[in-house]
Amino acid sequence: MRNTHLAASAIHRLLQASVLASILAAASVASADDDVMLQGFYWDAPNGWYGTLQKQEPELEKAGFTAMWLPPPSKGMSGASSNGYDPYDHYDLGEFEQKGSVATRWGTKQDLLDLIAKLHKGHMKAYADIVMNHMMGADAQETCPKNGQTDWTRFDYNHAAPDGAPSWATVESRLGRTIPHGAEPYLFKKTWMDFHPNDEHADNNAPYHDKAFGPDLCQKHDWVNVGLKLWGDWLVDSIGYDGFRVDYAKGLDEGYLNEWFHDGKKNGKFAVMEVWDNIDTIAWYVNQTGASAFDFPLFYTLKDMCNDTSGGFDMRKLDGAGFAARDSMHAVTFAENHDTDRSSPIVNNKMMAYAFILSLEGYPCVFYKDYSTYGLKAQIDPLIKIRKKLAGGTTTTLYRDQHLFVAQRNGYGSLPGLVLVLNNDPGNWQGQWVTVKSDWAGKDLKDYTGQAQTQHVADDRRVQLWAPPHGYAIYSIDGVDLGLSAPETPASTSPDASATAGSPAAPPGGSKGTGSSGPSSSATDGPTSSATPRKATRRHSTTHRPRR
């Protein structure tokens with residue numbers, strides 16, 4: 001496995017790779033800053049899950065989701081009991097009687113095709129969760145001549161060729177050699193030669209060669225190298241996927257990932273890697289491949305903030321937190337996923353984390369169980385609308401202290417921008433005078449979450465903004481229609497602007513603050529701007545980690 005700390009030579013390669021990454025990113029699919037992904041599954045979701053998602057698609061489309069990350073589609077070693085991270089047959093998506101069932105846990109291949117068609121009709125993209133590191137559930141054992149060890153490495157599939165599978169002529173052309181196959185249809189079979197150790201990699205201990213999750217596929221071997229690329233093309237061309245989430249990317253050589261992302265039908269498709277590691281290692285993989293990556297460092301910072309119910313978390317840690325602060329164009333931010341939900345979830349104040357990722361830069365991903373099972377839909381839906389109608393442009397930190405974090409999206413084009421106020425004080429409203437963008441001088445700022453009162457910006461651009469205990473508020477120029485069915489104007493719930501910031505919450509005031517007095521934001525921790533200015537468009541290209 002790659003060491004989490006980059007060696008000096010690796011850092012040198014990282015600098016060289018940055019040039020490559022900028023070139024590769026040009027081939028990526030451009031997407032609006034209001035994209036929101038839904039992780040459309042969770043661990044051990046009920047069987048027939050594709051059908052459930054089909055029924056819910058209209059509601060998800062209406063909420064504003066633009067893409068859905070779908071579970072691993074291939075038949076696993078446990079058939080209908082498998083979550084898909086133990087792949088047995090790449091080309092069996094719930095079509096053939098294998099491992100005790102025709103359907104996968106998620107449904108049949110036809111169910112999947114119907115779901116993707118419905119997502120496309122609703123202007124939503126479908127991303128496949130792909131496992132290319134290992135295989136499980138082989139049909140027979142073999143003894144590897146490289147080490148004399150016996151393992152389950154023979155995969156002999158016995159079914160018809162799936163529709164759209166590559167022809168033998170295509171396979172042999174890509175391999176540069178002939179394969180004795182007779183009248184047999186193309187099936188992506190494997191033997192010991194396709195796993196580590198083999199002729200290409202005689203050891204079993206080098207980076208990317210360990211068998212922690214089952215027999216480890218050797219992407220250096222031509223049959224696997226080409227076979228996985230052709231399989232990816234088939235997922236795009238015959239199944240209809242629009243992009244990929246790569247499971248356990250640290251188990252794959254970054255050079256091969258780069259090839260895979262930019263090969264054939266996959267070239268230009270969105271791709272996000274699971275690199276469960278620190279910011280430097282994530283940056284390494286992003287720069288080497290041009291793909292995006294999940295922002296695990298940001299998740300753990302947000303988790304620490306949310307789960308600390310005492311107010312002891314230092315909110316200054318949010319300033320520059322995560323990979324998104326370094327490269328928001330390639331950061332997929334999240335507040336939970338199928339793995340963390342089972343092992344180390346956010347259990348308190350989770351909406352503070354969602355307010356952060358749905359207001360600020362990065363490509364936010366909402367976890368299905370949070371949205372539908374844990375009952376956060378009513379709070380997440382307004383944040384999605386806020387993102388689409390208000391968020392845009394670079395990010396500037398306006399203020400931060402032990403209890404309060406205030407950040408501004410500076411706006412771009414028709415998107416006016418917003419100010420996010422996060423408060424971790426468990427018992428008091430917290431507010432602070434800040435200096436906002438110049439085109440807001442003399443105007444009213446409304447809290448579009450419906451919790452705090454509208455505040456007036458003084459001519460010198462100063463305004464006092466508030467957030468409730470262990471909560472958040474999101475302000476922007478008054479008068480924007482978010483298209484929400486519920487009333488957006490709150491009753492008198494926030495302190496009057498005349499209350500001193502940082503003091504216990506005053507009784508709710510009944511009028512807007514005048515914005516005529518108060519300290520300048522520069523008197524505390526002054527504004528800091530995000531390191532890399534960028535427009536409101538984001539280019540999409542595409543750990544040691546606890547196992548699912």
# chains A, B, ... in the order shown; residues from 1 in each chain; ligands from 1

call {"tool": "select_by_dssp", "arguments": {"residues": "range 80-170 of chain A", "states": "strand (DSSP E)", "output": "VMD selection string"}}
result
chain A and resid 87 to 89 125 to 130 140 to 143 150 to 154

call {"tool": "atom_distance", "arguments": {"atom1": "CA of Gly392 in chain A", "atom2": "CA of Val457 in chain A"}}
result
20.2 Å

call {"tool": "closest_residue", "arguments": {"among": "A:Ser344, A:Gln402, A:Asn133, A:Ser238", "to": "Leu93 in chain A", "atoms": "only C-alpha atoms"}}
result
A:Ser238

call {"tool": "residues_around", "arguments": {"residues": "range 168-182 of chain A", "least_positions_apart": "2", "cutoff": "10 Å", "atoms": "only C-alpha atoms", "output": "list in words"}}
result
Ala165, Pro166, Glu184, Pro185, Tyr186, Leu187, Asp222, Trp223, Val224, Asn225, Val226, Gly227, Lys229 and Leu230 of chain A

call {"tool": "select_by_dssp", "arguments": {"residues": "range 295-454 of chain A", "states": "alpha helix (DSSP H)", "output": "PyMOL selection string"}}
result
chain A and resi 296-307+324-327+340-343+350-359+368+377-389

call {"tool": "write_last_selection", "arguments": {"atoms": "N, CA and C atoms", "output": "tab-separated table (two decimals), in the first residue's frame"}}
result
chain	number	residue	atom	x	y	z
A	296	PHE	N	-12.26	13.03	2.27
A	296	PHE	CA	-12.30	12.42	3.59
A	296	PHE	C	-11.76	13.33	4.68
A	297	PRO	N	-10.67	14.08	4.44
A	297	PRO	CA	-10.21	14.98	5.51
A	297	PRO	C	-11.27	15.99	5.94
A	298	LEU	N	-12.03	16.53	4.99
A	298	LEU	CA	-13.10	17.46	5.35
A	298	LEU	C	-14.18	16.74	6.14
A	299	PHE	N	-14.53	15.52	5.74
A	299	PHE	CA	-15.55	14.77	6.48
A	299	PHE	C	-15.18	14.64	7.95
A	300	TYR	N	-13.93	14.28	8.23
A	300	TYR	CA	-13.55	14.07	9.62
A	300	TYR	C	-13.53	15.38	10.41
A	301	THR	N	-13.20	16.49	9.76
A	301	THR	CA	-13.27	17.79	10.43
A	301	THR	C	-14.73	18.12	10.75
A	302	LEU	N	-15.62	17.92	9.79
A	302	LEU	CA	-17.04	18.19	10.02
A	302	LEU	C	-17.61	17.25	11.07
A	303	LYS	N	-17.17	16.01	11.07
A	303	LYS	CA	-17.63	15.05	12.08
A	303	LYS	C	-17.24	15.52	13.48
A	304	ASP	N	-15.99	15.98	13.62
A	304	ASP	CA	-15.54	16.47	14.93
A	304	ASP	C	-16.38	17.67	15.38
A	305	MET	N	-16.71	18.55	14.44
A	305	MET	CA	-17.53	19.71	14.77
A	305	MET	C	-18.92	19.28	15.23
A	306	CYS	N	-19.56	18.42	14.44
A	306	CYS	CA	-20.95	18.06	14.72
A	306	CYS	C	-21.09	17.24	16.00
A	307	ASN	N	-20.20	16.28	16.19
A	307	ASN	CA	-20.34	15.36	17.31
A	307	ASN	C	-19.93	15.96	18.65
A	324	ALA	N	-11.03	20.18	-0.41
A	324	ALA	CA	-11.79	21.18	-1.16
A	324	ALA	C	-11.15	22.56	-1.07
A	325	ALA	N	-10.50	22.85	0.05
A	325	ALA	CA	-9.85	24.15	0.19
A	325	ALA	C	-8.63	24.26	-0.72
A	326	ARG	N	-8.05	23.12	-1.08
A	326	ARG	CA	-6.90	23.13	-1.98
A	326	ARG	C	-7.33	23.03	-3.44
A	327	ASP	N	-8.32	22.22	-3.72
A	327	ASP	CA	-8.72	21.98	-5.11
A	327	ASP	C	-10.20	21.62	-5.15
A	340	THR	N	-18.85	5.04	6.41
A	340	THR	CA	-18.79	5.80	7.66
A	340	THR	C	-20.08	5.63	8.47
A	341	ASP	N	-21.19	5.43	7.78
A	341	ASP	CA	-22.47	5.24	8.47
A	341	ASP	C	-22.44	4.00	9.36
A	342	ARG	N	-21.67	3.01	8.96
A	342	ARG	CA	-21.60	1.77	9.73
A	342	ARG	C	-20.51	1.79	10.79
A	343	SER	N	-19.46	2.60	10.57
A	343	SER	CA	-18.30	2.50	11.45
A	343	SER	C	-18.05	3.73	12.31
A	350	LYS	N	-25.94	16.95	12.48
A	350	LYS	CA	-25.42	16.64	11.14
A	350	LYS	C	-25.77	17.71	10.12
A	351	MET	N	-26.86	18.44	10.34
A	351	MET	CA	-27.23	19.46	9.36
A	351	MET	C	-26.21	20.59	9.29
A	352	MET	N	-25.41	20.77	10.33
A	352	MET	CA	-24.33	21.75	10.23
A	352	MET	C	-23.33	21.34	9.15
A	353	ALA	N	-23.06	20.04	9.06
A	353	ALA	CA	-22.15	19.54	8.02
A	353	ALA	C	-22.78	19.70	6.64
A	354	TYR	N	-24.09	19.40	6.52
A	354	TYR	CA	-24.74	19.58	5.22
A	354	TYR	C	-24.82	21.04	4.82
A	355	ALA	N	-25.01	21.94	5.78
A	355	ALA	CA	-25.01	23.36	5.46
A	355	ALA	C	-23.66	23.77	4.89
A	356	PHE	N	-22.59	23.23	5.44
A	356	PHE	CA	-21.24	23.55	4.96
A	356	PHE	C	-21.05	23.05	3.53
A	357	ILE	N	-21.30	21.75	3.27
A	357	ILE	CA	-20.97	21.23	1.94
A	357	ILE	C	-21.92	21.71	0.86
A	358	LEU	N	-23.17	22.05	1.23
A	358	LEU	CA	-24.12	22.50	0.21
A	358	LEU	C	-24.04	24.00	-0.03
A	359	SER	N	-23.33	24.73	0.82
A	359	SER	CA	-23.17	26.17	0.62
A	359	SER	C	-21.85	26.51	-0.04
A	368	TYR	N	-28.07	8.73	1.06
A	368	TYR	CA	-29.48	8.35	0.97
A	368	TYR	C	-30.13	8.20	2.35
A	377	LYS	N	-34.61	15.06	4.94
A	377	LYS	CA	-35.05	15.61	3.65
A	377	LYS	C	-35.60	17.03	3.77
A	378	ALA	N	-36.45	17.27	4.78
A	378	ALA	CA	-37.09	18.58	4.91
A	378	ALA	C	-36.08	19.69	5.15
A	379	GLN	N	-34.92	19.35	5.71
A	379	GLN	CA	-33.88	20.35	5.94
A	379	GLN	C	-32.88	20.42	4.79
A	380	ILE	N	-32.65	19.29	4.13
A	380	ILE	CA	-31.68	19.27	3.02
A	380	ILE	C	-32.26	19.91	1.77
A	381	ASP	N	-33.54	19.70	1.48
A	381	ASP	CA	-34.14	20.25	0.27
A	381	ASP	C	-33.96	21.77	0.15
A	382	PRO	N	-34.22	22.56	1.21
A	382	PRO	CA	-33.98	24.00	1.08
A	382	PRO	C	-32.52	24.34	0.82
A	383	LEU	N	-31.60	23.56	1.37
A	383	LEU	CA	-30.18	23.83	1.13
A	383	LEU	C	-29.81	23.59	-0.33
A	384	ILE	N	-30.43	22.59	-0.94
A	384	ILE	CA	-30.17	22.35	-2.38
A	384	ILE	C	-30.68	23.53	-3.19
A	385	LYS	N	-31.87	24.06	-2.86
A	385	LYS	CA	-32.41	25.23	-3.56
A	385	LYS	C	-31.50	26.44	-3.35
A	386	ILE	N	-31.03	26.62	-2.12
A	386	ILE	CA	-30.11	27.72	-1.83
A	386	ILE	C	-28.86	27.61	-2.68
A	387	ARG	N	-28.33	26.41	-2.80
A	387	ARG	CA	-27.12	26.23	-3.60
A	387	ARG	C	-27.37	26.61	-5.06
A	388	LYS	N	-28.50	26.16	-5.59
A	388	LYS	CA	-28.77	26.39	-7.00
A	388	LYS	C	-29.05	27.85	-7.32
A	389	LYS	N	-29.69	28.56	-6.40
A	389	LYS	CA	-30.11	29.93	-6.69
A	389	LYS	C	-29.15	31.01	-6.17

call {"tool": "closest_atom_pairs", "arguments": {"of": "range 307-373 of chain A", "to": "range 274-290 of chain A", "cutoff": "8 Å", "atoms": "only C-alpha atoms", "output": "CSV"}}
result
residue,atom,partner,partner_atom,distance
A:Gly322,CA,A:Ile279,CA,6.8
A:Phe323,CA,A:Ile279,CA,5.5
A:His330,CA,A:Val286,CA,7.4

call {"tool": "write_last_selection", "arguments": {"atoms": "all heavy atoms", "output": "PDB file, in the first residue's frame"}}
result
ATOM      1  N   GLY A 322      -9.900  20.530   4.675  1.00  0.00           N
ATOM      2  CA  GLY A 322     -10.162  19.532   3.651  1.00  0.00           C
ATOM      3  C   GLY A 322      -9.465  19.756   2.327  1.00  0.00           C
ATOM      4  O   GLY A 322      -8.819  20.778   2.078  1.00  0.00           O
ATOM      5  N   PHE A 323      -9.607  18.768   1.462  1.00  0.00           N
ATOM      6  CA  PHE A 323      -9.049  18.845   0.111  1.00  0.00           C
ATOM      7  C   PHE A 323      -9.752  19.910  -0.711  1.00  0.00           C
ATOM      8  O   PHE A 323      -9.161  20.512  -1.601  1.00  0.00           O
ATOM      9  CB  PHE A 323      -9.173  17.474  -0.564  1.00  0.00           C
ATOM     10  CG  PHE A 323      -8.654  17.442  -1.974  1.00  0.00           C
ATOM     11  CD1 PHE A 323      -7.330  17.714  -2.257  1.00  0.00           C
ATOM     12  CD2 PHE A 323      -9.504  17.139  -3.032  1.00  0.00           C
ATOM     13  CE1 PHE A 323      -6.850  17.693  -3.559  1.00  0.00           C
ATOM     14  CE2 PHE A 323      -9.044  17.103  -4.329  1.00  0.00           C
ATOM     15  CZ  PHE A 323      -7.708  17.381  -4.597  1.00  0.00           C
ATOM     16  N   HIS A 330     -11.939  19.422  -7.927  1.00  0.00           N
ATOM     17  CA  HIS A 330     -11.832  17.964  -7.957  1.00  0.00           C
ATOM     18  C   HIS A 330     -12.206  17.327  -6.626  1.00  0.00           C
ATOM     19  O   HIS A 330     -11.895  16.151  -6.398  1.00  0.00           O
ATOM     20  CB  HIS A 330     -10.412  17.545  -8.342  1.00  0.00           C
ATOM     21  CG  HIS A 330     -10.031  17.928  -9.739  1.00  0.00           C
ATOM     22  ND1 HIS A 330      -9.359  19.091 -10.041  1.00  0.00           N
ATOM     23  CD2 HIS A 330     -10.260  17.312 -10.929  1.00  0.00           C
ATOM     24  CE1 HIS A 330      -9.173  19.168 -11.342  1.00  0.00           C
ATOM     25  NE2 HIS A 330      -9.716  18.107 -11.906  1.00  0.00           N
TER      26      HIS A 330
END
